[in-house]
>>> print(open('run.txt').read())   # compact mmCIF, C-alpha atoms
# COMPACT_ATOMS: atom_id res chain seq x y z
CA MET C 1 18.69 -43.71 -21.89
CA ALA C 2 22.12 -42.55 -21.06
CA SER C 3 24.79 -43.23 -23.57
CA GLY C 4 27.51 -45.68 -22.83
CA ALA C 5 28.93 -48.79 -24.38
CA GLU C 6 27.74 -51.35 -21.85
CA LEU C 7 24.67 -50.21 -19.95
CA THR C 8 24.19 -51.97 -16.66
CA PRO C 9 22.19 -50.67 -13.71
CA THR C 10 25.43 -49.98 -11.90
CA SER C 11 26.97 -48.05 -14.75
CA TYR C 12 23.69 -46.17 -15.24
CA MET C 13 23.59 -45.10 -11.60
CA ALA C 14 27.26 -44.35 -11.53
CA HIS C 15 26.96 -42.26 -14.66
CA HIS C 16 24.23 -40.11 -13.13
CA LEU C 17 25.83 -39.84 -9.73
CA THR C 18 29.32 -38.94 -10.81
CA ASN C 19 30.32 -35.33 -10.71
CA LEU C 20 32.41 -33.65 -13.30
CA THR C 21 35.51 -32.80 -11.33
CA GLY C 22 38.30 -30.39 -11.82
CA SER C 23 41.45 -30.11 -9.77
CA VAL C 24 42.67 -26.89 -8.21
CA GLY C 25 45.56 -28.31 -6.26
CA GLU C 26 47.26 -31.37 -4.83
CA GLY C 27 45.21 -33.85 -2.82
CA ALA C 28 41.67 -35.15 -2.78
CA PHE C 29 40.30 -32.04 -1.07
CA TRP C 30 41.45 -29.70 -3.80
CA THR C 31 39.01 -30.95 -6.37
CA VAL C 32 35.97 -29.03 -7.49
CA HIS C 33 32.65 -30.39 -8.68
CA ILE C 34 32.40 -28.22 -11.74
CA ASP C 35 28.83 -29.29 -12.50
CA THR C 36 27.60 -28.42 -8.99
CA LEU C 37 29.41 -25.12 -9.04
CA VAL C 38 28.31 -24.06 -12.51
CA MET C 39 24.70 -25.14 -12.01
CA SER C 40 24.38 -23.44 -8.63
CA LEU C 41 25.98 -20.24 -9.88
CA LEU C 42 23.83 -20.26 -13.00
CA ILE C 43 20.67 -20.82 -10.97
CA GLY C 44 21.70 -18.20 -8.44
CA ILE C 45 22.52 -15.62 -11.08
CA VAL C 46 19.27 -16.25 -12.95
CA SER C 47 17.14 -16.22 -9.78
CA PHE C 48 18.67 -13.20 -8.12
CA GLY C 49 19.04 -11.48 -11.46
CA PHE C 50 15.32 -11.93 -11.95
CA LEU C 51 14.58 -10.60 -8.47
CA TRP C 52 16.89 -7.67 -9.04
CA TRP C 53 15.34 -6.93 -12.41
CA VAL C 54 11.82 -6.95 -10.91
CA VAL C 55 12.81 -4.99 -7.84
CA ARG C 56 14.66 -2.35 -9.82
CA GLY C 57 11.44 -1.43 -11.60
CA ALA C 58 9.32 -1.83 -8.48
CA THR C 59 6.63 0.74 -8.05
CA SER C 60 4.92 1.70 -4.84
CA GLY C 61 1.74 2.18 -6.83
CA VAL C 62 -0.31 -0.62 -8.27
CA PRO C 63 2.13 -3.49 -8.87
CA GLY C 64 2.22 -5.53 -12.06
CA LYS C 65 1.76 -9.28 -11.98
CA ARG C 66 5.50 -9.90 -11.96
CA GLN C 67 6.10 -7.52 -9.10
CA ALA C 68 3.08 -8.87 -7.24
CA PHE C 69 4.51 -12.37 -7.50
CA VAL C 70 7.90 -11.29 -6.17
CA GLU C 71 6.22 -9.26 -3.43
CA LEU C 72 4.13 -12.27 -2.49
CA ALA C 73 7.25 -14.41 -2.12
CA ILE C 74 9.16 -11.75 -0.24
CA GLU C 75 6.30 -10.89 2.08
CA PHE C 76 5.77 -14.56 2.82
CA ILE C 77 9.41 -14.87 3.86
CA ASP C 78 9.29 -11.56 5.68
CA GLY C 79 6.28 -12.78 7.63
CA GLN C 80 8.03 -16.01 8.57
CA VAL C 81 11.11 -14.12 9.70
CA LYS C 82 9.01 -11.62 11.62
CA SER C 83 7.35 -14.35 13.66
CA THR C 84 10.69 -15.88 14.60
CA PHE C 85 13.24 -13.11 14.71
CA HIS C 86 12.69 -10.10 16.95
CA GLY C 87 15.08 -7.41 15.92
CA ASP C 88 15.94 -5.38 12.88
CA ARG C 89 15.29 -8.17 10.42
CA HIS C 90 15.59 -5.91 7.38
CA ALA C 91 19.27 -5.31 8.03
CA PHE C 92 20.37 -8.88 7.41
CA VAL C 93 18.29 -11.82 8.57
CA ALA C 94 15.27 -11.42 6.30
CA PRO C 95 17.21 -10.85 3.08
CA ALA C 96 19.50 -13.73 4.01
CA ALA C 97 16.45 -15.91 4.51
CA LEU C 98 15.20 -14.82 1.11
CA THR C 99 18.53 -15.73 -0.42
CA VAL C 100 18.50 -19.14 1.21
CA PHE C 101 14.93 -19.89 0.26
CA VAL C 102 15.12 -18.76 -3.33
CA TRP C 103 18.48 -20.33 -4.03
CA VAL C 104 17.76 -23.65 -2.34
CA PHE C 105 14.31 -23.83 -3.86
CA MET C 106 15.61 -23.18 -7.36
CA MET C 107 18.50 -25.63 -6.94
CA ASN C 108 16.09 -28.27 -5.64
CA ALA C 109 13.70 -27.56 -8.48
CA VAL C 110 16.29 -28.60 -11.05
CA ASP C 111 15.40 -32.09 -9.86
CA PHE C 112 12.20 -31.81 -11.90
CA LEU C 113 14.14 -31.80 -15.14
CA PRO C 114 13.96 -35.30 -16.65
CA ILE C 115 17.24 -36.77 -15.67
CA ASP C 116 17.98 -38.81 -18.80
CA ILE C 117 16.90 -36.15 -21.26
CA MET C 118 19.13 -33.69 -19.46
CA ALA C 119 21.95 -36.25 -19.60
CA ALA C 120 21.46 -36.47 -23.36
CA VAL C 121 21.54 -32.67 -23.61
CA TYR C 122 24.75 -32.52 -21.58
CA GLU C 123 26.16 -35.28 -23.75
CA LEU C 124 25.53 -33.12 -26.78
CA LEU C 125 27.48 -30.36 -25.06
CA GLY C 126 30.31 -32.82 -24.59
CA LEU C 127 29.76 -33.28 -20.87
CA HIS C 128 29.61 -36.96 -20.05
CA ASN C 129 29.35 -36.65 -16.30
CA TRP C 130 27.15 -33.77 -15.29
CA ARG C 131 24.88 -33.73 -12.25
CA SER C 132 22.17 -31.13 -12.57
CA VAL C 133 21.00 -30.77 -8.97
CA PRO C 134 23.45 -28.81 -6.84
CA THR C 135 21.65 -29.60 -3.58
CA ALA C 136 22.07 -33.33 -4.23
CA ASP C 137 25.75 -32.64 -3.71
CA VAL C 138 26.66 -32.68 -0.04
CA ASN C 139 29.23 -29.96 -0.65
CA THR C 140 26.51 -27.45 -1.45
CA THR C 141 24.37 -28.22 1.56
CA PHE C 142 27.37 -28.24 3.84
CA ALA C 143 28.58 -24.99 2.37
CA LEU C 144 25.21 -23.38 3.13
CA ALA C 145 24.90 -24.94 6.57
CA LEU C 146 28.45 -24.03 7.57
CA SER C 147 27.98 -20.50 6.32
CA VAL C 148 24.88 -20.23 8.48
CA TRP C 149 26.84 -21.78 11.35
CA LEU C 150 29.58 -19.20 10.99
CA LEU C 151 26.99 -16.44 10.80
CA MET C 152 25.45 -17.88 13.95
CA ILE C 153 28.77 -17.66 15.77
CA PHE C 154 29.38 -14.21 14.32
CA PHE C 155 26.04 -12.91 15.58
CA ASN C 156 26.54 -14.63 18.94
CA VAL C 157 29.78 -12.74 19.38
CA LYS C 158 28.40 -9.54 17.91
CA VAL C 159 25.27 -9.40 20.04
CA LYS C 160 26.51 -10.85 23.32
CA GLY C 161 30.20 -10.11 23.06
CA LEU C 162 32.87 -12.79 23.16
CA GLY C 163 32.60 -13.01 26.95
CA GLY C 164 28.84 -13.21 26.85
CA TRP C 165 28.94 -15.97 24.33
CA ILE C 166 31.50 -17.99 26.26
CA HIS C 167 29.48 -17.41 29.40
CA GLU C 168 26.45 -18.79 27.59
CA LEU C 169 28.42 -21.79 26.37
CA VAL C 170 29.60 -22.53 29.89
CA CYS C 171 26.56 -21.65 31.97
CA THR C 172 23.58 -22.71 29.87
CA PRO C 173 21.35 -24.60 29.69
CA PHE C 174 21.77 -26.29 33.09
CA GLY C 175 23.01 -23.52 35.37
CA LYS C 176 25.90 -21.46 36.67
CA ASN C 177 27.19 -24.01 39.19
CA PRO C 178 30.83 -24.82 38.34
CA LEU C 179 30.05 -28.48 38.74
CA LEU C 180 27.67 -28.17 35.81
CA TRP C 181 30.18 -26.42 33.57
CA PRO C 182 31.50 -29.56 31.86
CA VAL C 183 27.97 -30.78 31.25
CA ASN C 184 26.97 -27.44 29.78
CA ILE C 185 30.03 -27.31 27.57
CA LEU C 186 29.45 -30.85 26.38
CA PHE C 187 25.81 -30.15 25.71
CA ASN C 188 26.59 -26.98 23.76
CA LEU C 189 29.34 -28.74 21.85
CA VAL C 190 26.92 -31.42 20.75
CA GLU C 191 24.43 -28.74 19.81
CA TYR C 192 26.94 -26.76 17.80
CA VAL C 193 28.11 -29.87 15.99
CA SER C 194 24.67 -31.25 15.35
CA LYS C 195 23.19 -28.02 14.04
CA PRO C 196 25.13 -27.79 10.77
CA LEU C 197 25.06 -31.56 10.34
CA SER C 198 21.30 -31.92 10.63
CA HIS C 199 20.80 -28.69 8.75
CA SER C 200 22.79 -29.79 5.74
CA LEU C 201 22.15 -33.52 5.73
CA ARG C 202 18.37 -33.11 5.89
CA LEU C 203 18.36 -31.16 2.65
CA TYR C 204 21.02 -33.29 1.01
CA GLY C 205 19.31 -36.55 1.99
CA ASN C 206 15.91 -35.51 0.73
CA ILE C 207 17.09 -34.23 -2.60
CA TYR C 208 19.61 -37.02 -3.14
CA ALA C 209 16.97 -39.61 -2.33
CA GLY C 210 14.59 -37.95 -4.73
CA GLU C 211 17.19 -38.17 -7.45
CA ILE C 212 17.82 -41.82 -6.65
CA ILE C 213 14.12 -42.61 -6.89
CA PHE C 214 13.99 -40.97 -10.32
CA LEU C 215 17.01 -43.04 -11.36
CA LEU C 216 15.44 -46.27 -10.10
CA LEU C 217 12.24 -45.48 -11.97
CA GLY C 218 14.34 -44.77 -15.05
CA MET C 219 16.01 -48.14 -14.65
CA TRP C 220 12.67 -49.82 -14.35
CA ALA C 221 11.55 -48.10 -17.55
CA ALA C 222 14.51 -49.74 -19.27
CA THR C 223 13.22 -53.25 -18.53
CA GLY C 224 10.37 -53.33 -21.02
CA LEU C 225 6.94 -52.00 -21.89
CA ALA C 226 5.31 -52.75 -18.53
CA GLY C 227 8.27 -51.22 -16.78
CA THR C 228 8.03 -48.14 -18.98
CA VAL C 229 4.32 -47.69 -18.22
CA PHE C 230 4.77 -48.12 -14.50
CA GLY C 231 7.97 -46.17 -14.51
CA THR C 232 6.20 -43.29 -16.25
CA LEU C 233 3.21 -43.33 -13.93
CA LEU C 234 5.28 -43.61 -10.80
CA GLY C 235 7.75 -41.09 -12.14
CA ALA C 236 4.93 -38.62 -12.69
CA GLY C 237 3.58 -39.35 -9.23
CA TRP C 238 6.97 -38.97 -7.65
CA ALA C 239 7.59 -35.73 -9.53
CA ILE C 240 4.29 -34.33 -8.23
CA PHE C 241 5.14 -35.43 -4.72
CA HIS C 242 8.58 -33.99 -5.25
CA ILE C 243 7.07 -30.53 -5.73
CA LEU C 244 6.12 -30.74 -2.07
CA ILE C 245 9.53 -32.03 -1.03
CA VAL C 246 11.40 -29.40 -3.01
CA THR C 247 9.36 -26.57 -1.56
CA LEU C 248 9.22 -28.03 1.92
CA GLN C 249 12.96 -28.67 2.12
CA ALA C 250 13.73 -25.18 0.89
CA PHE C 251 11.31 -23.80 3.45
CA ILE C 252 12.73 -25.94 6.27
CA PHE C 253 16.25 -24.95 5.35
CA MET C 254 15.25 -21.29 5.41
CA MET C 255 13.35 -21.60 8.67
CA LEU C 256 16.26 -23.35 10.38
CA THR C 257 18.54 -20.61 9.13
CA VAL C 258 16.25 -17.98 10.61
CA VAL C 259 15.84 -19.91 13.85
CA TYR C 260 19.59 -20.43 14.28
CA LEU C 261 20.29 -16.78 13.55
CA SER C 262 17.59 -15.55 15.91
CA MET C 263 18.84 -17.90 18.63
CA ALA C 264 22.22 -16.31 18.15
CA HIS C 265 20.62 -12.90 18.73
CA GLU C 266 18.79 -13.89 21.91
CA SER C 267 20.55 -14.45 25.18
CA HIS C 268 19.24 -17.12 27.48
CA MET Q 1 29.76 -38.12 -0.24
CA ASN Q 2 33.12 -36.55 -0.60
CA ILE Q 3 33.78 -33.17 0.89
CA ASN Q 4 36.13 -31.09 -1.19
CA PHE Q 5 36.92 -27.60 -2.36
CA THR Q 6 33.42 -27.31 -3.86
CA LEU Q 7 32.24 -26.58 -0.34
CA ILE Q 8 34.40 -23.50 -0.04
CA SER Q 9 33.51 -22.20 -3.46
CA GLN Q 10 29.80 -22.76 -2.77
CA ALA Q 11 30.15 -20.94 0.53
CA MET Q 12 31.73 -18.01 -1.28
CA ALA Q 13 28.96 -18.03 -3.84
CA PHE Q 14 26.43 -18.12 -1.00
CA ALA Q 15 28.10 -15.16 0.66
CA ILE Q 16 28.02 -13.20 -2.57
CA PHE Q 17 24.37 -14.00 -3.15
CA ILE Q 18 23.47 -13.00 0.40
CA TRP Q 19 25.37 -9.77 -0.03
CA PHE Q 20 23.60 -9.14 -3.32
CA THR Q 21 20.17 -9.74 -1.82
CA VAL Q 22 20.88 -7.65 1.27
CA ARG Q 23 22.26 -4.85 -0.84
CA PHE Q 24 20.18 -4.78 -4.04
CA VAL Q 25 17.05 -6.91 -3.78
CA TRP Q 26 15.59 -6.45 -0.33
CA PRO Q 27 15.73 -2.70 0.34
CA PRO Q 28 14.11 -1.37 -2.88
CA LEU Q 29 11.20 -3.77 -2.71
CA MET Q 30 10.68 -3.16 1.00
CA ARG Q 31 10.76 0.55 0.27
CA ALA Q 32 8.16 0.13 -2.45
CA ILE Q 33 5.97 -2.02 -0.18
CA GLU Q 34 6.30 0.38 2.73
CA ASN Q 35 5.49 3.35 0.52
CA ARG Q 36 2.43 1.56 -0.74
CA GLN Q 37 1.39 0.67 2.80
CA LYS Q 38 1.84 4.29 3.77
CA SER Q 39 -0.17 5.57 0.84
CA ILE Q 40 -2.93 3.05 1.57
CA ALA Q 41 -2.95 4.12 5.21
CA ASP Q 42 -3.01 7.77 4.13
CA GLY Q 43 -5.86 7.03 1.75
CA LEU Q 44 -7.85 5.31 4.47
CA ALA Q 45 -7.18 8.17 6.85
CA ALA Q 46 -8.20 10.67 4.18
CA GLY Q 47 -11.39 8.72 3.57
CA GLU Q 48 -12.17 8.71 7.27
CA ARG Q 49 -11.44 12.41 7.49
CA GLY Q 50 -13.63 13.06 4.44
CA ARG Q 51 -16.48 11.16 6.03
CA ASN Q 52 -16.14 13.16 9.24
CA GLU Q 53 -16.03 16.38 7.28
CA LEU Q 54 -19.09 15.35 5.32
CA GLU Q 55 -20.95 14.70 8.54
CA LEU Q 56 -19.80 18.03 9.92
CA ALA Q 57 -20.77 19.82 6.72
CA SER Q 58 -24.22 18.27 6.72
CA HIS Q 59 -24.67 19.45 10.32
CA ARG Q 60 -23.48 22.87 9.34
CA SER Q 61 -25.74 23.04 6.29
CA ALA Q 62 -28.72 22.03 8.41
CA ASP Q 63 -27.82 24.85 10.79
CA VAL Q 64 -27.52 27.29 7.92
CA VAL Q 65 -30.88 26.24 6.50
CA ARG Q 66 -32.52 26.59 9.91
CA GLU Q 67 -30.96 30.01 10.38
CA ALA Q 68 -32.06 31.09 6.91
CA LYS Q 69 -35.62 29.97 7.56
CA HIS Q 70 -35.62 31.87 10.82
CA ARG Q 71 -34.35 34.99 9.14
CA ALA Q 72 -36.79 34.65 6.27
CA THR Q 73 -39.64 34.51 8.78
CA ASP Q 74 -38.28 37.62 10.50
CA ILE Q 75 -37.96 39.45 7.22
CA ILE Q 76 -41.50 38.53 6.20
CA ALA Q 77 -42.86 39.72 9.53
CA GLN Q 78 -40.93 42.96 9.25
CA ALA Q 79 -42.10 43.45 5.69
CA GLU Q 80 -45.70 42.91 6.72
CA LYS Q 81 -45.33 45.40 9.54
CA ARG Q 82 -43.73 47.89 7.23
CA ALA Q 83 -46.44 47.42 4.63
CA ALA Q 84 -49.08 48.08 7.25
CA GLU Q 85 -47.21 51.19 8.29
CA ILE Q 86 -46.95 52.40 4.73
CA VAL Q 87 -50.65 51.84 4.21
CA GLU Q 88 -51.40 53.77 7.40
CA GLU Q 89 -49.08 56.59 6.35
CA ALA Q 90 -50.64 56.69 2.92
CA LYS Q 91 -54.08 56.80 4.42
CA ALA Q 92 -53.09 59.68 6.70
CA ALA Q 93 -51.43 61.53 3.85
CA ALA Q 94 -54.46 61.04 1.62
CA LYS Q 95 -56.77 62.32 4.36
CA ASP Q 96 -54.58 65.38 4.89
CA GLU Q 97 -54.46 66.01 1.17
CA GLY Q 98 -58.22 65.63 0.89
CA ASP Q 99 -58.77 68.04 3.79
CA ARG Q 100 -56.42 70.51 2.25
CA ILE Q 101 -58.16 70.29 -1.11
CA LEU Q 102 -61.50 70.64 0.63
CA VAL Q 103 -60.36 73.74 2.53
CA GLY Q 104 -59.00 75.27 -0.68
CA ALA Q 105 -62.22 74.51 -2.53
CA LYS Q 106 -64.30 76.01 0.25
CA ALA Q 107 -62.16 79.14 0.25
CA GLU Q 108 -62.49 79.45 -3.51
CA VAL Q 109 -66.22 78.94 -3.35
CA GLU Q 110 -66.49 81.63 -0.71
CA GLN Q 111 -64.34 83.89 -2.79
CA GLU Q 112 -66.48 83.19 -5.84
CA VAL Q 113 -69.63 83.87 -3.82
CA PHE Q 114 -68.16 87.08 -2.48
CA ARG Q 115 -67.10 88.16 -5.95
CA ALA Q 116 -70.50 87.29 -7.37
CA ARG Q 117 -72.20 89.18 -4.60
CA GLU Q 118 -69.96 92.16 -5.25
CA THR Q 119 -70.70 92.03 -8.93
CA LEU Q 120 -74.38 91.65 -8.19
CA ARG Q 121 -74.32 94.55 -5.79
CA GLN Q 122 -72.54 96.66 -8.40
CA GLN Q 123 -75.07 95.71 -11.02
CA VAL Q 124 -78.01 96.34 -8.66
CA ALA Q 125 -76.48 99.70 -7.76
CA ASP Q 126 -75.98 100.44 -11.40
CA ILE Q 127 -79.58 99.41 -12.18
CA ALA Q 128 -80.89 101.46 -9.23
CA LEU Q 129 -78.78 104.34 -10.29
CA ALA Q 130 -79.98 104.02 -13.83
CA GLY Q 131 -83.56 103.82 -12.64
CA ALA Q 132 -83.15 106.83 -10.38
CA THR Q 133 -81.43 108.63 -13.14
CA LYS Q 134 -84.34 107.95 -15.44
CA ILE Q 135 -86.76 109.12 -12.77
CA LEU Q 136 -84.86 112.17 -11.72
CA ARG Q 137 -83.44 112.91 -15.17
CA ARG Q 138 -82.66 116.42 -14.46
CA GLU Q 139 -82.30 117.00 -10.77
CA VAL Q 140 -79.84 114.39 -10.11
CA ASP Q 141 -76.36 115.37 -10.81
CA ALA Q 142 -74.15 112.33 -10.69
CA LYS Q 143 -71.34 114.37 -9.43
CA ALA Q 144 -73.27 116.25 -6.76
CA HIS Q 145 -74.95 113.16 -5.43
CA ALA Q 146 -72.02 110.86 -5.52
CA ASP Q 147 -72.05 110.51 -1.78
CA LEU Q 148 -75.67 109.68 -1.78
CA LEU Q 149 -75.26 107.16 -4.55
CA ALA Q 150 -72.33 105.53 -2.78
CA SER Q 151 -74.30 105.14 0.40
CA ILE Q 152 -77.19 103.61 -1.51
CA LYS Q 153 -74.77 101.24 -3.20
CA ALA Q 154 -73.34 100.23 0.16
CA GLU Q 155 -76.78 99.52 1.55
CA LEU Q 156 -77.71 97.26 -1.34
>>> encode(input="run.txt", output="structure tokens")
Amino acid sequence: MASGAELTPTSYMAHHLTNLTGSVGEGAFWTVHIDTLVMSLLIGIVSFGFLWWVVRGATSGVPGKRQAFVELAIEFIDGQVKSTFHGDRHAFVAPAALTVFVWVFMMNAVDFLPIDIMAAVYELLGLHNWRSVPTADVNTTFALALSVWLLMIFFNVKVKGLGGWIHELVCTPFGKNPLLWPVNILFNLVEYVSKPLSHSLRLYGNIYAGEIIFLLLGMWAATGLAGTVFGTLLGAGWAIFHILIVTLQAFIFMMLTVVYLSMAHESH
Amino acid sequence: MNINFTLISQAMAFAIFIWFTVRFVWPPLMRAIENRQKSIADGLAAGERGRNELELASHRSADVVREAKHRATDIIAQAEKRAAEIVEEAKAAAKDEGDRILVGAKAEVEQEVFRARETLRQQVADIALAGATKILRREVDAKAHADLLASIKAEL
């Protein structure tokens, strides 16, 4: 179990759910979750470094197993993007979707690492508070969702022009009648606010909840032999189920990204 | 759930990763995949073309065989005709040659007969002359009666 002088359920949870913070300026906003940042960058560099390494040696002949695996993943994403986005997807949308999927999936997958063993490892490295899963930090999911949101606005303006976009905000979905303008604007406002919120909180909630369940099972395992047995069994079960959640949430996050970006490309 | 500067740094990291994927990961692999698709399509097209050509070639070879058979028949017929002609010519030539030989032989025989007759006549004349000479030992002067003797010889 996690180290600490007095181990109570509260301190156990708090220990696992506290970020290692660093300050970059005055005020509460100017703090950085160093663990989230380092883990996500590490995962990103490893994942995209791997992809880059495979792709650099890619042959158009008979592919090796490694290349076939990467091609499988990329063609799966390409196929998903193709069915949703009608335009030159190779220029930006499909690779962006790949980035989102791979990164989110890998960040989610860190959740599989046994939380207390990892805590012990971090402790050895002198890191008392270190959260492994970047997507269980709302900052990460919001960062991704807001980036997609900004891209959405960027493509709206790029494809339709600023006037076209404003016209769409004012005149859709209910109609051009000036009486309907306020309703349209309100509707679109709600939509534009809800998109990044639902986009980010869905991922955050799922992964955070998964982490909490692991913690609760860990706490149960601390109560005795029966608790350990059940905690192990349920932990294994939850981890297996979590494979689905991790993949599904990464997929949903990617699909929403693609859908939002393709909606930005299409005028109503 | 506290929003802080992590958000901005994560967004920057996200932007960098997107840029990296767009720039370095996606295009080379897509190029490789598209090249492979193209080569597979080319291979399939080549296979199709090869099959068509095979079909065409088998048609053509059947034509060639038929043509060759036809020509072989022609050649055999011609050869037979020619052989018959040659036989006929040879027969004619042999007949001519035989006739010629026959004519020559006849002429020679006649000549031989004539020569034999001449010789015979000479000998008879000589014998007659000798006989007459014996009979008319004295009176007959070979020189004086040469005319007579010649006429007798001619009559024999």
>>> atom_distance(input="run.txt", atom1="CA of Leu72 in chain C", atom2="CA of Leu256 in chain C")
20.9 Å
>>> interface_residues(input="run.txt", of="chain Q", to="chain C", cutoff="6 Å", atoms="all atoms listed in the file", output="NGL selection string")
:Q and (3-7 or 10-11 or 18 or 21-22 or 25-26 or 29 or 32 or 35-36)
>>> axis_aligned_box(input="run.txt", around="range 15-31 of chain Q", padding_each_side="4 Å", output="JSON")
{"center_x": 19.4, "center_y": -7.3, "center_z": -1.4, "size_x": 25.4, "size_y": 23.7, "size_z": 13.3}
>>> closest_residue(input="run.txt", among="C:His15, C:Val259, C:Leu203, C:Leu244", to="Leu127 in chain C", atoms="all atoms listed in the file")
C:His15
>>> residues_around(input="run.txt", residues="His16 in chain C", least_positions_apart="3", cutoff="12 Å", atoms="all atoms listed in the file", output="number ranges by chain")
C: 1-4, 9-13, 19-20, 35, 114-120, 122-123, 127-133, 136, 208, 211-212, 214-216, 218-219
>>> atom_distance(input="run.txt", atom1="CA of Leu44 in chain Q", atom2="CA of Leu56 in chain Q")
18.3 Å
>>> decode(input="run.txt", residues="range 148-163 of chain C", atoms="N, CA and C atoms", output="tab-separated table (two decimals), in the first residue's frame")
chain	number	residue	atom	x	y	z
C	148	VAL	N	-9.73	21.41	-29.87
C	148	VAL	CA	-10.64	21.01	-30.95
C	148	VAL	C	-11.67	22.10	-31.20
C	149	TRP	N	-12.14	22.71	-30.13
C	149	TRP	CA	-13.13	23.79	-30.23
C	149	TRP	C	-12.57	24.96	-31.03
C	150	LEU	N	-11.33	25.31	-30.71
C	150	LEU	CA	-10.69	26.41	-31.44
C	150	LEU	C	-10.48	26.02	-32.90
C	151	LEU	N	-10.09	24.79	-33.13
C	151	LEU	CA	-9.94	24.31	-34.51
C	151	LEU	C	-11.27	24.38	-35.25
C	152	MET	N	-12.33	24.04	-34.51
C	152	MET	CA	-13.67	24.07	-35.08
C	152	MET	C	-14.01	25.49	-35.53
C	153	ILE	N	-13.74	26.46	-34.67
C	153	ILE	CA	-14.01	27.86	-35.02
C	153	ILE	C	-13.10	28.29	-36.17
C	154	PHE	N	-11.85	27.85	-36.11
C	154	PHE	CA	-10.90	28.20	-37.17
C	154	PHE	C	-11.39	27.69	-38.52
C	155	PHE	N	-11.84	26.43	-38.55
C	155	PHE	CA	-12.29	25.88	-39.83
C	155	PHE	C	-13.62	26.48	-40.27
C	156	ASN	N	-14.48	26.81	-39.28
C	156	ASN	CA	-15.71	27.52	-39.62
C	156	ASN	C	-15.40	28.79	-40.38
C	157	VAL	N	-14.45	29.56	-39.83
C	157	VAL	CA	-14.11	30.85	-40.44
C	157	VAL	C	-13.39	30.61	-41.76
C	158	LYS	N	-12.54	29.61	-41.77
C	158	LYS	CA	-11.73	29.37	-42.97
C	158	LYS	C	-12.59	28.92	-44.14
C	159	VAL	N	-13.55	28.02	-43.86
C	159	VAL	CA	-14.34	27.45	-44.94
C	159	VAL	C	-15.45	28.39	-45.37
C	160	LYS	N	-16.14	28.97	-44.37
C	160	LYS	CA	-17.33	29.77	-44.70
C	160	LYS	C	-17.05	31.27	-44.72
C	161	GLY	N	-15.88	31.65	-44.24
C	161	GLY	CA	-15.61	33.07	-44.10
C	161	GLY	C	-16.23	33.57	-42.81
C	162	LEU	N	-15.71	34.68	-42.31
C	162	LEU	CA	-16.23	35.20	-41.04
C	162	LEU	C	-17.71	35.53	-41.16
C	163	GLY	N	-18.07	36.16	-42.31
C	163	GLY	CA	-19.48	36.52	-42.52
C	163	GLY	C	-20.35	35.29	-42.60
